[in-house]
Each structure stands twice: as C-alpha cells, then as structure tokens.
Amino acid sequence: MRLRGEVAVVTGAGRGIGRAVALRLAAEGASVGVLDVDAAAARATAEAIAQQGGRALPLEADVASGEAVARAMARVAEELDPPTILINNAGIGGFVPLDHPEAEATWHRVLAVNLTGAYLCVRHVVPYMKRAGRGAIVQIASTRALMSEPDSEPYAATKGGLLALTHALAISLGRYGIRVNAVSPGWIDTGHEPVSEADHAQHPAGRVGRPEDVAAACAFLVSPEAGFITGQNLVVDGGMTVKMIYL
C-alpha cells in the first residue's frame, strides 16, 4: 500500500473518473475526502470505499465557491488528517455554438467550475501541504486541450488552462515539496453513451479507455515512485492523439 498515511481529496468523485480515482487511492492505502456537488453521489462513493476496508469522508461542495472549498478542506483536516494529495477532477461540459443564446453564460459557468474551481482547490489545500512538508496534485485535463471538435470552445479553453496552471503551480510550489502534474484522458467510457466495436477498433490500443485507466495514472503520479516528476502532462488516450488520420 504505497499511499498508506496519505490523505487525498478527489473532486467530482461521485461518479465516473472521479469515483474510480477515489476507489483506487483508497485501495492504495490513502484516506479519501470524496468531494462532489451531488451529496448522494459523494456518500455512495464513500460507502464503496468503506466496504473495501478504506477510510473516506463524503463532502458536498461546489468547487466554484472558494468558501465551500475552504470548508471542505478544513473538514478533511479535522476528520481525517491534513490533506497531502489533491486530484482536481471536477468538471462540466458545455458544448454550444458561439451564436447560441446561452453561449456566454455557458462560457462563464464552465470556466468557473473547470478552471477557477481547480485553482480554488489548490489555493485552499496548499497550506495543509506546506505544513506537512509534502504534497502531490494532479489536474484532470483532457486531450481536448490539444485537439478539438466543433463548438467545444469553453471546455477546450478550460482544459488548456489546466495544463498551463499545472506547470505554473509546479514551479511555484516545488520549493515546498509539492509536485503538480496533469493527466489528459482521451475517450473514456463512463457509461453515458453506447460504445461500438468500431469505436474500440479505431484506438491503437484496441479499445476505448476506462475510468480505471485514468485512476492508475493518478495513483502513479501521486506515489513516491513519481517523486522526480512534476509539471508534466500524461496523456491517457490509447494512442489516439498520435494517430494520423487520412480522409
């Protein structure tokens, strides 16, 4: 159990990638603050961790609110122990054309959750990490930071921003023993839409990704084995972003 004695906060941990990450870190020995805007989903993940013998604390918070994030981090420190790991996973979509009536509102909300939310979580967890003399932060970005489809401007901008935030934080926080990296998932099957054999076949790895693939990357990056890795972006996409496509 390479994360025994560590305390992790995973945002957006009620379902999908966040849930898989929370379960994996708990299996590696970490106590986990399970943070989600959906209180019932957070409780369900925390209960699943408890059922596998782990220790977890469900937390309801909107990461776009600095006050809510600060309260959540304080609860983790009080009820588990000061957090030493943060996985910034919380995010929303928001794919709308530029001329859509809700385009501007969507832009502001997506930035508030996906990018400002990550910044606020870092801002309010770092004091605990400084006191501990160590810390590891992983931002869940996306291959959409590197390539796009139509009408994805708000989402792509936030994921690109997360990559820039990652290397900036790595430089700012390295002096305190805090490492900051990013993981950029590609197509991950979270059960929201059907996946065909053709979808699997177009990936060089032979399949669409699973939440557990991202969880494994996060578990490595926050572990002692990754102690010399900071400011980096690990693409977890089955090889799709390096595949040449001819039409």
# chains A, B, ... in the order shown; residues from 1 in each chain; ligands from 1
>>> residues_around(residues="A:Glu153", least_positions_apart="6", cutoff="12 Å", atoms="only C-alpha atoms", output="PyMOL selection string")
chain A and resi 93-98+103-104+106-108+110-111+144-145+147+159-161
>>> write_last_selection(atoms="N, CA and C atoms", output="compact mmCIF listing (two decimals), in the first residue's frame")
# COMPACT_ATOMS: atom_id res chain seq x y z
N GLY A 93 -19.30 19.93 -19.03
CA GLY A 93 -19.09 20.04 -20.47
C GLY A 93 -19.36 21.43 -20.99
N GLY A 94 -20.52 21.63 -21.60
CA GLY A 94 -20.83 22.95 -22.13
C GLY A 94 -20.42 23.12 -23.57
N PHE A 95 -20.91 22.28 -24.45
CA PHE A 95 -20.60 22.36 -25.87
C PHE A 95 -21.73 23.11 -26.57
N VAL A 96 -21.50 24.38 -26.89
CA VAL A 96 -22.53 25.20 -27.53
C VAL A 96 -21.90 26.05 -28.63
N PRO A 97 -22.64 26.30 -29.72
CA PRO A 97 -22.12 27.19 -30.77
C PRO A 97 -21.95 28.61 -30.25
N LEU A 98 -21.08 29.38 -30.89
CA LEU A 98 -20.83 30.75 -30.47
C LEU A 98 -22.07 31.62 -30.51
N ALA A 103 -24.59 30.93 -24.89
CA ALA A 103 -23.15 30.74 -25.07
C ALA A 103 -22.33 31.47 -24.01
N GLU A 104 -22.67 32.72 -23.74
CA GLU A 104 -21.88 33.49 -22.78
C GLU A 104 -22.03 32.95 -21.37
N THR A 106 -22.82 29.92 -20.56
CA THR A 106 -22.13 28.62 -20.53
C THR A 106 -20.63 28.83 -20.37
N TRP A 107 -20.06 29.76 -21.12
CA TRP A 107 -18.63 30.05 -21.02
C TRP A 107 -18.23 30.36 -19.58
N HIS A 108 -18.96 31.25 -18.93
CA HIS A 108 -18.60 31.67 -17.57
C HIS A 108 -18.74 30.51 -16.57
N VAL A 110 -18.62 27.18 -17.21
CA VAL A 110 -17.61 26.15 -17.45
C VAL A 110 -16.25 26.60 -16.92
N LEU A 111 -15.89 27.85 -17.15
CA LEU A 111 -14.63 28.34 -16.60
C LEU A 111 -14.64 28.34 -15.08
N ARG A 144 -8.69 17.21 -25.30
CA ARG A 144 -9.32 18.37 -25.94
C ARG A 144 -8.55 19.66 -25.65
N ALA A 145 -7.58 19.59 -24.78
CA ALA A 145 -6.65 20.72 -24.63
C ALA A 145 -5.68 20.78 -25.81
N MET A 147 -6.52 19.09 -29.06
CA MET A 147 -7.24 18.91 -30.32
C MET A 147 -8.73 19.10 -30.04
N LYS A 159 -9.56 23.18 -20.31
CA LYS A 159 -8.60 22.09 -20.22
C LYS A 159 -7.20 22.55 -20.63
N GLY A 160 -7.12 23.43 -21.62
CA GLY A 160 -5.83 24.03 -21.95
C GLY A 160 -5.32 24.88 -20.81
N GLY A 161 -6.22 25.59 -20.16
CA GLY A 161 -5.83 26.39 -19.00
C GLY A 161 -5.31 25.53 -17.87
>>> residues_around(residues="A:Ser223", least_positions_apart="4", cutoff="12 Å", atoms="only C-alpha atoms", output="PDB file with N, CA and C atoms, in the first residue's frame")
ATOM      1  N   MET A   1       0.849  -1.205   0.000  1.00  0.00           N
ATOM      2  CA  MET A   1       0.000   0.000   0.000  1.00  0.00           C
ATOM      3  C   MET A   1       0.874   1.240   0.000  1.00  0.00           C
ATOM      4  N   ARG A   2       1.201   1.734  -1.201  1.00  0.00           N
ATOM      5  CA  ARG A   2       2.187   2.793  -1.325  1.00  0.00           C
ATOM      6  C   ARG A   2       1.692   4.157  -0.887  1.00  0.00           C
ATOM      7  N   LEU A   3       0.383   4.307  -0.628  1.00  0.00           N
ATOM      8  CA  LEU A   3      -0.136   5.599  -0.176  1.00  0.00           C
ATOM      9  C   LEU A   3      -0.607   5.561   1.277  1.00  0.00           C
ATOM     10  N   ARG A   4      -0.214   4.557   2.019  1.00  0.00           N
ATOM     11  CA  ARG A   4      -0.595   4.475   3.423  1.00  0.00           C
ATOM     12  C   ARG A   4      -0.100   5.717   4.171  1.00  0.00           C
ATOM     13  N   GLY A   5      -0.967   6.328   4.958  1.00  0.00           N
ATOM     14  CA  GLY A   5      -0.618   7.526   5.718  1.00  0.00           C
ATOM     15  C   GLY A   5      -0.914   8.818   4.991  1.00  0.00           C
ATOM     16  N   GLU A   6      -1.283   8.743   3.714  1.00  0.00           N
ATOM     17  CA  GLU A   6      -1.630   9.942   2.953  1.00  0.00           C
ATOM     18  C   GLU A   6      -3.134  10.207   3.037  1.00  0.00           C
ATOM     19  N   ALA A   8      -6.077  12.065   0.773  1.00  0.00           N
ATOM     20  CA  ALA A   8      -6.366  12.607  -0.552  1.00  0.00           C
ATOM     21  C   ALA A   8      -7.733  13.272  -0.580  1.00  0.00           C
ATOM     22  N   LEU A  25      -7.190   5.236  -5.009  1.00  0.00           N
ATOM     23  CA  LEU A  25      -6.315   5.804  -3.983  1.00  0.00           C
ATOM     24  C   LEU A  25      -6.592   5.165  -2.623  1.00  0.00           C
ATOM     25  N   GLU A  28      -4.968   1.924  -2.429  1.00  0.00           N
ATOM     26  CA  GLU A  28      -3.522   2.083  -2.238  1.00  0.00           C
ATOM     27  C   GLU A  28      -3.167   2.508  -0.812  1.00  0.00           C
ATOM     28  N   GLY A  29      -4.197   2.708   0.037  1.00  0.00           N
ATOM     29  CA  GLY A  29      -3.946   2.995   1.438  1.00  0.00           C
ATOM     30  C   GLY A  29      -4.256   4.395   1.900  1.00  0.00           C
ATOM     31  N   ALA A  30      -4.627   5.295   0.988  1.00  0.00           N
ATOM     32  CA  ALA A  30      -4.928   6.674   1.378  1.00  0.00           C
ATOM     33  C   ALA A  30      -6.319   6.780   2.002  1.00  0.00           C
ATOM     34  N   THR A  84      -2.725  15.677   1.854  1.00  0.00           N
ATOM     35  CA  THR A  84      -1.414  15.723   1.204  1.00  0.00           C
ATOM     36  C   THR A  84      -1.512  15.388  -0.290  1.00  0.00           C
ATOM     37  N   ILE A  85      -2.711  15.012  -0.745  1.00  0.00           N
ATOM     38  CA  ILE A  85      -2.945  14.694  -2.159  1.00  0.00           C
ATOM     39  C   ILE A  85      -4.218  15.394  -2.601  1.00  0.00           C
ATOM     40  N   ARG A 134       5.079  18.264   2.263  1.00  0.00           N
ATOM     41  CA  ARG A 134       4.992  17.462   1.042  1.00  0.00           C
ATOM     42  C   ARG A 134       3.575  17.573   0.481  1.00  0.00           C
ATOM     43  N   GLY A 135       3.456  17.193  -0.800  1.00  0.00           N
ATOM     44  CA  GLY A 135       2.139  17.179  -1.412  1.00  0.00           C
ATOM     45  C   GLY A 135       2.236  16.760  -2.868  1.00  0.00           C
ATOM     46  N   ALA A 136       1.149  16.233  -3.386  1.00  0.00           N
ATOM     47  CA  ALA A 136       1.070  15.858  -4.799  1.00  0.00           C
ATOM     48  C   ALA A 136      -0.303  16.242  -5.318  1.00  0.00           C
ATOM     49  N   ILE A 137      -0.319  16.979  -6.426  1.00  0.00           N
ATOM     50  CA  ILE A 137      -1.557  17.457  -7.039  1.00  0.00           C
ATOM     51  C   ILE A 137      -1.611  16.946  -8.473  1.00  0.00           C
ATOM     52  N   VAL A 138      -2.779  16.441  -8.864  1.00  0.00           N
ATOM     53  CA  VAL A 138      -2.987  16.031 -10.256  1.00  0.00           C
ATOM     54  C   VAL A 138      -4.235  16.730 -10.783  1.00  0.00           C
ATOM     55  N   ARG A 179       4.501  18.525  -5.613  1.00  0.00           N
ATOM     56  CA  ARG A 179       4.575  18.253  -7.049  1.00  0.00           C
ATOM     57  C   ARG A 179       3.195  18.446  -7.687  1.00  0.00           C
ATOM     58  N   ASN A 181       1.136  17.731 -11.415  1.00  0.00           N
ATOM     59  CA  ASN A 181       1.117  17.143 -12.749  1.00  0.00           C
ATOM     60  C   ASN A 181      -0.305  17.111 -13.281  1.00  0.00           C
ATOM     61  N   ALA A 216      -5.328   4.678 -12.521  1.00  0.00           N
ATOM     62  CA  ALA A 216      -3.986   4.098 -12.407  1.00  0.00           C
ATOM     63  C   ALA A 216      -2.911   5.155 -12.636  1.00  0.00           C
ATOM     64  N   ALA A 217      -3.149   6.041 -13.619  1.00  0.00           N
ATOM     65  CA  ALA A 217      -2.187   7.114 -13.883  1.00  0.00           C
ATOM     66  C   ALA A 217      -2.080   8.063 -12.697  1.00  0.00           C
ATOM     67  N   CYS A 218      -3.231   8.392 -12.111  1.00  0.00           N
ATOM     68  CA  CYS A 218      -3.221   9.286 -10.946  1.00  0.00           C
ATOM     69  C   CYS A 218      -2.501   8.653  -9.770  1.00  0.00           C
ATOM     70  N   ALA A 219      -2.774   7.363  -9.529  1.00  0.00           N
ATOM     71  CA  ALA A 219      -2.137   6.674  -8.410  1.00  0.00           C
ATOM     72  C   ALA A 219      -0.620   6.675  -8.556  1.00  0.00           C
ATOM     73  N   GLY A 227       8.346  10.630  -7.650  1.00  0.00           N
ATOM     74  CA  GLY A 227       8.908  11.744  -6.894  1.00  0.00           C
ATOM     75  C   GLY A 227       9.758  12.718  -7.697  1.00  0.00           C
ATOM     76  N   PHE A 228      10.235  12.308  -8.880  1.00  0.00           N
ATOM     77  CA  PHE A 228      11.066  13.177  -9.717  1.00  0.00           C
ATOM     78  C   PHE A 228      10.279  13.705 -10.916  1.00  0.00           C
ATOM     79  N   ILE A 229       8.955  13.585 -10.858  1.00  0.00           N
ATOM     80  CA  ILE A 229       8.096  14.034 -11.958  1.00  0.00           C
ATOM     81  C   ILE A 229       7.213  15.179 -11.487  1.00  0.00           C
ATOM     82  N   THR A 230       7.343  16.336 -12.114  1.00  0.00           N
ATOM     83  CA  THR A 230       6.473  17.464 -11.795  1.00  0.00           C
ATOM     84  C   THR A 230       6.365  18.378 -13.011  1.00  0.00           C
TER      85      THR A 230
END
>>> closest_residue(among="A:Arg71, A:Leu23, A:Ile178, A:Leu35", to="A:Pro224", atoms="only C-alpha atoms")
A:Ile178
>>> closest_residue(among="A:Gly18, A:Pro185, A:Gly191, A:Gly12", to="A:Asp62", atoms="only C-alpha atoms")
A:Gly12
>>> select_by_dssp(residues="stretch 6-245 of chain A", states="alpha helix (DSSP H)", output="count of residues only")
100
>>> atom_distance(atom1="atom CA of A:Asp36", atom2="atom CA of A:Gly53")
21.2 Å
>>> residues_around(residues="A:Leu162", least_positions_apart="4", cutoff="8 Å", atoms="only C-alpha atoms", output="list in words")
Leu115, Ala118, Gln139, Ile140, Ala141, Thr158, Thr166 and Ala182 of chain A
>>> write_last_selection(atoms="N, CA, C and O atoms", output="compact mmCIF listing (two decimals), in the first residue's frame")
# COMPACT_ATOMS: atom_id res chain seq x y z
N LEU A 115 -11.87 25.46 -14.38
CA LEU A 115 -10.56 26.09 -14.22
C LEU A 115 -10.44 26.86 -12.91
O LEU A 115 -9.53 26.60 -12.12
N ALA A 118 -10.49 24.45 -10.01
CA ALA A 118 -9.21 23.79 -9.75
C ALA A 118 -8.26 24.71 -9.00
O ALA A 118 -7.57 24.30 -8.06
N GLN A 139 -4.07 17.39 -11.93
CA GLN A 139 -5.20 18.03 -12.60
C GLN A 139 -5.69 17.08 -13.70
O GLN A 139 -4.89 16.61 -14.51
N ILE A 140 -6.98 16.84 -13.74
CA ILE A 140 -7.54 16.03 -14.81
C ILE A 140 -7.91 16.97 -15.96
O ILE A 140 -8.91 17.66 -15.92
N ALA A 141 -7.04 17.00 -16.95
CA ALA A 141 -7.26 17.84 -18.12
C ALA A 141 -7.99 17.02 -19.18
O ALA A 141 -8.95 16.31 -18.86
N THR A 158 -10.82 25.58 -20.95
CA THR A 158 -10.54 25.27 -19.55
C THR A 158 -9.51 24.17 -19.42
O THR A 158 -8.65 24.21 -18.53
N THR A 166 -0.96 23.87 -14.45
CA THR A 166 -0.13 22.79 -13.91
C THR A 166 1.34 23.15 -13.88
O THR A 166 2.01 23.02 -12.85
N ALA A 182 -0.44 16.78 -14.54
CA ALA A 182 -1.75 16.66 -15.18
C ALA A 182 -1.88 15.31 -15.86
O ALA A 182 -0.89 14.72 -16.30
>>> closest_residue(among="A:Gln51, A:Ser152, A:Asn89, A:Thr190", to="A:Val21", atoms="only C-alpha atoms")
A:Asn89
>>> closest_residue(among="A:Thr45, A:Arg75, A:Thr143, A:Ser65", to="A:Tyr119", atoms="only C-alpha atoms")
A:Ser65
>>> atom_distance(atom1="atom CA of A:Ala70", atom2="atom CA of A:Arg123")
8.8 Å
>>> decode(residues="stretch 98-121 of chain A", atoms="N, CA, C and O atoms", output="PDB file, in the first residue's frame")
ATOM      1  N   LEU A  98     -21.084  29.377 -30.893  1.00  0.00           N
ATOM      2  CA  LEU A  98     -20.830  30.753 -30.469  1.00  0.00           C
ATOM      3  C   LEU A  98     -22.072  31.623 -30.513  1.00  0.00           C
ATOM      4  O   LEU A  98     -22.195  32.577 -29.730  1.00  0.00           O
ATOM      5  N   ASP A  99     -23.011  31.310 -31.438  1.00  0.00           N
ATOM      6  CA  ASP A  99     -24.205  32.140 -31.563  1.00  0.00           C
ATOM      7  C   ASP A  99     -25.389  31.619 -30.760  1.00  0.00           C
ATOM      8  O   ASP A  99     -26.502  32.109 -30.890  1.00  0.00           O
ATOM      9  N   HIS A 100     -25.163  30.644 -29.909  1.00  0.00           N
ATOM     10  CA  HIS A 100     -26.235  30.105 -29.068  1.00  0.00           C
ATOM     11  C   HIS A 100     -26.639  31.143 -28.019  1.00  0.00           C
ATOM     12  O   HIS A 100     -25.775  31.845 -27.470  1.00  0.00           O
ATOM     13  N   PRO A 101     -27.930  31.281 -27.701  1.00  0.00           N
ATOM     14  CA  PRO A 101     -28.357  32.284 -26.713  1.00  0.00           C
ATOM     15  C   PRO A 101     -27.697  32.118 -25.340  1.00  0.00           C
ATOM     16  O   PRO A 101     -27.531  33.102 -24.620  1.00  0.00           O
ATOM     17  N   GLU A 102     -27.317  30.889 -25.003  1.00  0.00           N
ATOM     18  CA  GLU A 102     -26.704  30.638 -23.695  1.00  0.00           C
ATOM     19  C   GLU A 102     -25.186  30.535 -23.766  1.00  0.00           C
ATOM     20  O   GLU A 102     -24.543  30.105 -22.800  1.00  0.00           O
ATOM     21  N   ALA A 103     -24.594  30.931 -24.886  1.00  0.00           N
ATOM     22  CA  ALA A 103     -23.154  30.745 -25.069  1.00  0.00           C
ATOM     23  C   ALA A 103     -22.332  31.474 -24.013  1.00  0.00           C
ATOM     24  O   ALA A 103     -21.391  30.925 -23.447  1.00  0.00           O
ATOM     25  N   GLU A 104     -22.673  32.724 -23.740  1.00  0.00           N
ATOM     26  CA  GLU A 104     -21.883  33.494 -22.783  1.00  0.00           C
ATOM     27  C   GLU A 104     -22.029  32.949 -21.369  1.00  0.00           C
ATOM     28  O   GLU A 104     -21.044  32.809 -20.632  1.00  0.00           O
ATOM     29  N   ALA A 105     -23.267  32.616 -20.987  1.00  0.00           N
ATOM     30  CA  ALA A 105     -23.487  32.061 -19.652  1.00  0.00           C
ATOM     31  C   ALA A 105     -22.768  30.721 -19.501  1.00  0.00           C
ATOM     32  O   ALA A 105     -22.191  30.427 -18.440  1.00  0.00           O
ATOM     33  N   THR A 106     -22.820  29.920 -20.561  1.00  0.00           N
ATOM     34  CA  THR A 106     -22.127  28.625 -20.527  1.00  0.00           C
ATOM     35  C   THR A 106     -20.629  28.825 -20.371  1.00  0.00           C
ATOM     36  O   THR A 106     -19.975  28.130 -19.578  1.00  0.00           O
ATOM     37  N   TRP A 107     -20.059  29.757 -21.116  1.00  0.00           N
ATOM     38  CA  TRP A 107     -18.626  30.050 -21.020  1.00  0.00           C
ATOM     39  C   TRP A 107     -18.230  30.361 -19.580  1.00  0.00           C
ATOM     40  O   TRP A 107     -17.285  29.779 -19.036  1.00  0.00           O
ATOM     41  N   HIS A 108     -18.958  31.252 -18.934  1.00  0.00           N
ATOM     42  CA  HIS A 108     -18.602  31.666 -17.570  1.00  0.00           C
ATOM     43  C   HIS A 108     -18.743  30.512 -16.573  1.00  0.00           C
ATOM     44  O   HIS A 108     -17.907  30.353 -15.674  1.00  0.00           O
ATOM     45  N   ARG A 109     -19.797  29.707 -16.728  1.00  0.00           N
ATOM     46  CA  ARG A 109     -20.002  28.613 -15.786  1.00  0.00           C
ATOM     47  C   ARG A 109     -18.949  27.526 -15.961  1.00  0.00           C
ATOM     48  O   ARG A 109     -18.415  26.990 -14.977  1.00  0.00           O
ATOM     49  N   VAL A 110     -18.621  27.183 -17.205  1.00  0.00           N
ATOM     50  CA  VAL A 110     -17.611  26.150 -17.445  1.00  0.00           C
ATOM     51  C   VAL A 110     -16.250  26.599 -16.916  1.00  0.00           C
ATOM     52  O   VAL A 110     -15.526  25.822 -16.285  1.00  0.00           O
ATOM     53  N   LEU A 111     -15.890  27.847 -17.153  1.00  0.00           N
ATOM     54  CA  LEU A 111     -14.631  28.345 -16.604  1.00  0.00           C
ATOM     55  C   LEU A 111     -14.644  28.340 -15.077  1.00  0.00           C
ATOM     56  O   LEU A 111     -13.641  28.005 -14.436  1.00  0.00           O
ATOM     57  N   ALA A 112     -15.788  28.700 -14.488  1.00  0.00           N
ATOM     58  CA  ALA A 112     -15.879  28.759 -13.030  1.00  0.00           C
ATOM     59  C   ALA A 112     -15.652  27.395 -12.389  1.00  0.00           C
ATOM     60  O   ALA A 112     -14.967  27.276 -11.361  1.00  0.00           O
ATOM     61  N   VAL A 113     -16.214  26.361 -12.994  1.00  0.00           N
ATOM     62  CA  VAL A 113     -16.082  25.020 -12.421  1.00  0.00           C
ATOM     63  C   VAL A 113     -14.754  24.373 -12.808  1.00  0.00           C
ATOM     64  O   VAL A 113     -13.990  23.924 -11.946  1.00  0.00           O
ATOM     65  N   ASN A 114     -14.472  24.336 -14.103  1.00  0.00           N
ATOM     66  CA  ASN A 114     -13.344  23.536 -14.592  1.00  0.00           C
ATOM     67  C   ASN A 114     -11.980  24.144 -14.295  1.00  0.00           C
ATOM     68  O   ASN A 114     -11.027  23.412 -14.015  1.00  0.00           O
ATOM     69  N   LEU A 115     -11.867  25.456 -14.378  1.00  0.00           N
ATOM     70  CA  LEU A 115     -10.559  26.093 -14.223  1.00  0.00           C
ATOM     71  C   LEU A 115     -10.436  26.860 -12.911  1.00  0.00           C
ATOM     72  O   LEU A 115      -9.532  26.600 -12.117  1.00  0.00           O
ATOM     73  N   THR A 116     -11.365  27.788 -12.670  1.00  0.00           N
ATOM     74  CA  THR A 116     -11.315  28.506 -11.388  1.00  0.00           C
ATOM     75  C   THR A 116     -11.489  27.535 -10.233  1.00  0.00           C
ATOM     76  O   THR A 116     -10.832  27.672  -9.184  1.00  0.00           O
ATOM     77  N   GLY A 117     -12.351  26.537 -10.406  1.00  0.00           N
ATOM     78  CA  GLY A 117     -12.543  25.547  -9.346  1.00  0.00           C
ATOM     79  C   GLY A 117     -11.259  24.822  -8.998  1.00  0.00           C
ATOM     80  O   GLY A 117     -10.959  24.596  -7.821  1.00  0.00           O
ATOM     81  N   ALA A 118     -10.488  24.449 -10.011  1.00  0.00           N
ATOM     82  CA  ALA A 118      -9.213  23.786  -9.753  1.00  0.00           C
ATOM     83  C   ALA A 118      -8.257  24.711  -9.004  1.00  0.00           C
ATOM     84  O   ALA A 118      -7.575  24.299  -8.062  1.00  0.00           O
ATOM     85  N   TYR A 119      -8.209  25.974  -9.441  1.00  0.00           N
ATOM     86  CA  TYR A 119      -7.350  26.954  -8.778  1.00  0.00           C
ATOM     87  C   TYR A 119      -7.743  27.115  -7.307  1.00  0.00           C
ATOM     88  O   TYR A 119      -6.880  27.145  -6.419  1.00  0.00           O
ATOM     89  N   LEU A 120      -9.046  27.214  -7.043  1.00  0.00           N
ATOM     90  CA  LEU A 120      -9.514  27.396  -5.665  1.00  0.00           C
ATOM     91  C   LEU A 120      -9.177  26.187  -4.796  1.00  0.00           C
ATOM     92  O   LEU A 120      -8.786  26.329  -3.633  1.00  0.00           O
ATOM     93  N   CYS A 121      -9.318  24.993  -5.362  1.00  0.00           N
ATOM     94  CA  CYS A 121      -8.978  23.797  -4.592  1.00  0.00           C
ATOM     95  C   CYS A 121      -7.496  23.775  -4.234  1.00  0.00           C
ATOM     96  O   CYS A 121      -7.119  23.441  -3.104  1.00  0.00           O
TER      97      CYS A 121
END
